[in-house]
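Input: a single structure, listed below in structure tokens.
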Amino acid sequence: MGKAKKTRKFAVAKKIISHKDTRVNSVAKKSEEKRLAKVAKENPRQIEQASSALWFQYNTQLGPPYHVLVDTNFINFSIKNKMDIVRSMMDCLLAKCIPCITDCVMAELEKLGHKYRVALRMAKDPRFERVPCNCNKVYADDCLVNMATQWRCFIVATCDSELRRRVRKIPGVPSMYISNHRYTVERMPEAFGAPR
């Protein structure tokens, strides 16, 4: 048998890559991401509404009787320094104070066990107001920050430096802490009993 004669074919189209080919999909994804990023840049950003209770950094909602959100370590340090929480708060703010405890802080005190039973008994005092929180049992510090951000009518009492740093970022919410065996309030101009 002889060799078959090949003739060149004219006007035949080249094979085209399918649009479902993986090589094309990666290019399409990149262009789609670029387009979405451009649209996101053009859209206006969500800016949080400023509280109507604030006059610059001064919170007009704060007034006697003061509601004070109490943290676990604040109760523990008050017991170690032999301080009555309600009386010391009144000495600091020179007004009536209502210490408030959230469900998360109470749960944290119960989890700490036998060692902190005195703190738990003090937290169950009838002078303390129990504040229900709907935060599904998260970390107590997150719960306190959420409550202070949402309502802005509380003073946050804590000795935890990390929590105090987070509270400072919330405008109009003062924090109470213990220094030199006395309660002190920062960012609250009308606290005349607080040591400077």
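As shown in the structure tokens, the chain order sets the letters A, B, ...; within each chain, residues go from 1, and ligands are also counted from 1 in the order they appear.
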
Name all residues at most 8 Å from Val156 of chain A (count only C-alpha atoms; drop same-chain ones fewer than 6 positions away) and give them as an MDAnalysis selection string. chainID A and resid 68:71 144 148 167 173:176

Deliver the residues from the most recent selection as a file, using C-alpha atoms, as an mmCIF file, in the first residue's frame.
```
data_model
loop_
_atom_site.group_PDB
_atom_site.id
_atom_site.type_symbol
_atom_site.label_atom_id
_atom_site.label_comp_id
_atom_site.auth_asym_id
_atom_site.auth_seq_id
_atom_site.Cartn_x
_atom_site.Cartn_y
_atom_site.Cartn_z
ATOM 1 C CA VAL A 68 -23.236 50.568 87.913
ATOM 2 C CA LEU A 69 -22.528 47.361 85.964
ATOM 3 C CA VAL A 70 -20.264 45.287 88.211
ATOM 4 C CA ASP A 71 -17.648 42.814 86.952
ATOM 5 C CA LEU A 144 -20.602 44.105 79.756
ATOM 6 C CA ALA A 148 -22.669 49.564 77.882
ATOM 7 C CA VAL A 167 -14.807 50.673 77.751
ATOM 8 C CA VAL A 173 -19.437 55.490 79.284
ATOM 9 C CA PRO A 174 -17.314 56.039 82.426
ATOM 10 C CA SER A 175 -15.499 53.211 84.201
ATOM 11 C CA MET A 176 -15.062 52.682 87.937
#
```

If we count only C-alpha atoms and set the cut-off at 12 Å, which residues sit around Arg187 of chain A, ignoring sequence neighbours fewer than 3 positions away in its own chain? Please answer as a count of residues only. 23

Polymer residues at most 8 Å from Asn73 of chain A, only C-alpha atoms, same-chain spacing of 6 or more positions, as a ChimeraX atom specification: /A:158-160

List every residue of chain A that DSSP, applied to the backbone, labels as strand (DSSP E), and write the result as a PyMOL selection string. chain A and resi 54-55+58-59+66-70+97-102+129-131+154-157+175-179+182-186

Any chance you can output those residues with N, CA, C and O atoms as a short mmCIF file (atom, residue, chain, number, x, y, z; two decimals), in the first residue's frame?
```cif
data_model
loop_
_atom_site.label_atom_id
_atom_site.label_comp_id
_atom_site.auth_asym_id
_atom_site.auth_seq_id
_atom_site.Cartn_x
_atom_site.Cartn_y
_atom_site.Cartn_z
N LEU A 54 -25.55 62.04 73.99
CA LEU A 54 -24.19 62.59 74.12
C LEU A 54 -24.16 64.05 73.72
O LEU A 54 -24.75 64.45 72.72
N TRP A 55 -23.46 64.82 74.50
CA TRP A 55 -23.15 66.20 74.14
C TRP A 55 -21.64 66.26 74.11
O TRP A 55 -20.98 66.31 75.15
N TYR A 58 -19.73 64.18 76.75
CA TYR A 58 -20.49 64.17 78.00
C TYR A 58 -21.82 63.46 77.80
O TYR A 58 -22.56 63.78 76.87
N ASN A 59 -22.11 62.52 78.67
CA ASN A 59 -23.33 61.72 78.57
C ASN A 59 -24.41 62.33 79.45
O ASN A 59 -24.28 62.36 80.67
N TYR A 66 -27.25 56.39 90.08
CA TYR A 66 -26.35 55.82 89.07
C TYR A 66 -26.50 54.30 89.04
O TYR A 66 -26.51 53.65 90.09
N HIS A 67 -26.58 53.75 87.84
CA HIS A 67 -26.61 52.30 87.66
C HIS A 67 -25.21 51.86 87.28
O HIS A 67 -24.67 52.31 86.28
N VAL A 68 -24.63 50.98 88.10
CA VAL A 68 -23.24 50.57 87.91
C VAL A 68 -23.20 49.09 87.56
O VAL A 68 -23.63 48.25 88.36
N LEU A 69 -22.71 48.76 86.36
CA LEU A 69 -22.53 47.36 85.96
C LEU A 69 -21.26 46.84 86.63
O LEU A 69 -20.17 47.39 86.41
N VAL A 70 -21.38 45.79 87.42
CA VAL A 70 -20.26 45.29 88.21
C VAL A 70 -19.69 44.04 87.55
O VAL A 70 -20.43 43.15 87.13
N CYS A 97 -26.39 54.92 94.41
CA CYS A 97 -25.89 54.02 93.37
C CYS A 97 -26.61 52.69 93.45
O CYS A 97 -26.86 52.18 94.54
N ILE A 98 -26.94 52.15 92.30
CA ILE A 98 -27.56 50.83 92.23
C ILE A 98 -26.59 49.90 91.50
O ILE A 98 -26.43 50.02 90.28
N PRO A 99 -25.91 49.00 92.21
CA PRO A 99 -25.03 48.04 91.52
C PRO A 99 -25.87 47.03 90.74
O PRO A 99 -26.85 46.49 91.26
N CYS A 100 -25.52 46.80 89.49
CA CYS A 100 -26.25 45.89 88.61
C CYS A 100 -25.34 44.74 88.20
O CYS A 100 -24.16 44.94 87.92
N ILE A 101 -25.91 43.54 88.16
CA ILE A 101 -25.14 42.36 87.76
C ILE A 101 -25.88 41.68 86.61
O ILE A 101 -27.08 41.42 86.71
N THR A 102 -25.16 41.40 85.53
CA THR A 102 -25.76 40.71 84.39
C THR A 102 -25.76 39.20 84.65
O THR A 102 -25.08 38.71 85.54
N GLU A 129 -29.10 44.88 91.72
CA GLU A 129 -30.16 44.67 90.73
C GLU A 129 -29.67 43.69 89.68
O GLU A 129 -28.55 43.81 89.17
N ARG A 130 -30.48 42.70 89.37
CA ARG A 130 -30.11 41.69 88.37
C ARG A 130 -30.60 42.18 87.01
O ARG A 130 -31.79 42.43 86.82
N VAL A 131 -29.67 42.33 86.06
CA VAL A 131 -30.00 42.83 84.72
C VAL A 131 -29.99 41.65 83.75
O VAL A 131 -28.94 41.01 83.57
N PHE A 154 -25.08 53.23 81.89
CA PHE A 154 -24.39 52.51 82.96
C PHE A 154 -22.98 53.05 83.16
O PHE A 154 -22.36 53.58 82.24
N ILE A 155 -22.48 52.88 84.38
CA ILE A 155 -21.05 53.02 84.67
C ILE A 155 -20.53 51.60 84.79
O ILE A 155 -21.13 50.77 85.47
N VAL A 156 -19.42 51.28 84.14
CA VAL A 156 -18.87 49.92 84.19
C VAL A 156 -17.81 49.87 85.28
O VAL A 156 -16.82 50.60 85.24
N ALA A 157 -18.02 49.00 86.28
CA ALA A 157 -17.09 48.85 87.39
C ALA A 157 -16.26 47.59 87.18
O ALA A 157 -16.79 46.49 87.19
N SER A 175 -15.83 54.47 83.55
CA SER A 175 -15.50 53.21 84.20
C SER A 175 -15.03 53.48 85.63
O SER A 175 -14.34 54.47 85.90
N MET A 176 -15.42 52.58 86.53
CA MET A 176 -15.06 52.68 87.94
C MET A 176 -14.06 51.58 88.24
O MET A 176 -14.19 50.46 87.74
N TYR A 177 -13.05 51.89 89.05
CA TYR A 177 -12.04 50.90 89.42
C TYR A 177 -11.54 51.21 90.81
O TYR A 177 -11.88 52.23 91.41
N ILE A 178 -10.71 50.32 91.35
CA ILE A 178 -10.18 50.48 92.71
C ILE A 178 -8.73 50.92 92.62
O ILE A 178 -7.94 50.31 91.90
N SER A 179 -8.40 52.01 93.33
CA SER A 179 -7.00 52.42 93.44
C SER A 179 -6.77 52.97 94.85
O SER A 179 -7.58 53.77 95.34
N ARG A 182 -9.62 52.73 97.46
CA ARG A 182 -10.80 53.58 97.24
C ARG A 182 -11.30 53.38 95.82
O ARG A 182 -10.54 53.01 94.93
N TYR A 183 -12.58 53.64 95.63
CA TYR A 183 -13.15 53.58 94.28
C TYR A 183 -12.86 54.89 93.56
O TYR A 183 -12.93 55.97 94.15
N THR A 184 -12.55 54.78 92.28
CA THR A 184 -12.27 55.95 91.44
C THR A 184 -13.03 55.81 90.13
O THR A 184 -13.19 54.71 89.62
N VAL A 185 -13.50 56.94 89.60
CA VAL A 185 -14.21 56.93 88.33
C VAL A 185 -13.41 57.75 87.33
O VAL A 185 -12.95 58.85 87.64
N GLU A 186 -13.23 57.20 86.15
CA GLU A 186 -12.55 57.98 85.10
C GLU A 186 -13.57 58.40 84.05
O GLU A 186 -14.55 57.70 83.81
#
```

Set the distance at 12 Å and use only C-alpha atoms: which residues neighbour Ala119 of chain A once local chain neighbours fewer than 4 positions away are removed? I'd like the list as a list in words.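 So, after excluding close chain neighbours, the residues are Val70, Asp71, Thr72, Asn73, Phe74, Ile75, Asn76, Phe77, Ser78, Ile79, Lys80, Lys82, Asp84, Ile85, Val105, Met106, Glu108, Leu109, Glu110, Lys111, Leu112, Gly113, His114, Lys115, Ala123, Lys124 and Asp125 of chain A.
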
re atom CA of Pro65 of chain A and atom CA of Trp151 of chain A: distance 15.5 Å

Using Å and a single decimal, report how far atom CA of Pro189 of chain A sits from atom CA of Ser51 of chain A. 19.1 Å

Excluding Asn136 of chain A and its own-chain neighbours fewer than 4 positions away, which residues fall within 10 Å of it when counting only C-alpha atoms? Please give them as a list in words.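 Listing them by chain and then by number gives Asp103, Cys104 and Cys143 of chain A.
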
May I have the residues from that selection written out with C-alpha atoms, as a compact mmCIF listing (two decimals), in the first residue's frame?
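This went into out.txt:
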```
# COMPACT_ATOMS: atom_id res chain seq x y z
CA ASP A 103 -26.60 37.03 83.98
CA CYS A 104 -23.19 36.34 82.42
CA CYS A 143 -21.50 41.00 77.71
```

Atom CA of Gln61 of chain A to atom CA of Arg152 of chain A measures 7.5 Å

If you run DSSP over the backbone, which residues in segment 104-159 of chain A end up helix (DSSP H, G or I)? Put them as a PyMOL selection string. chain A and resi 104-112+114-123+140-151
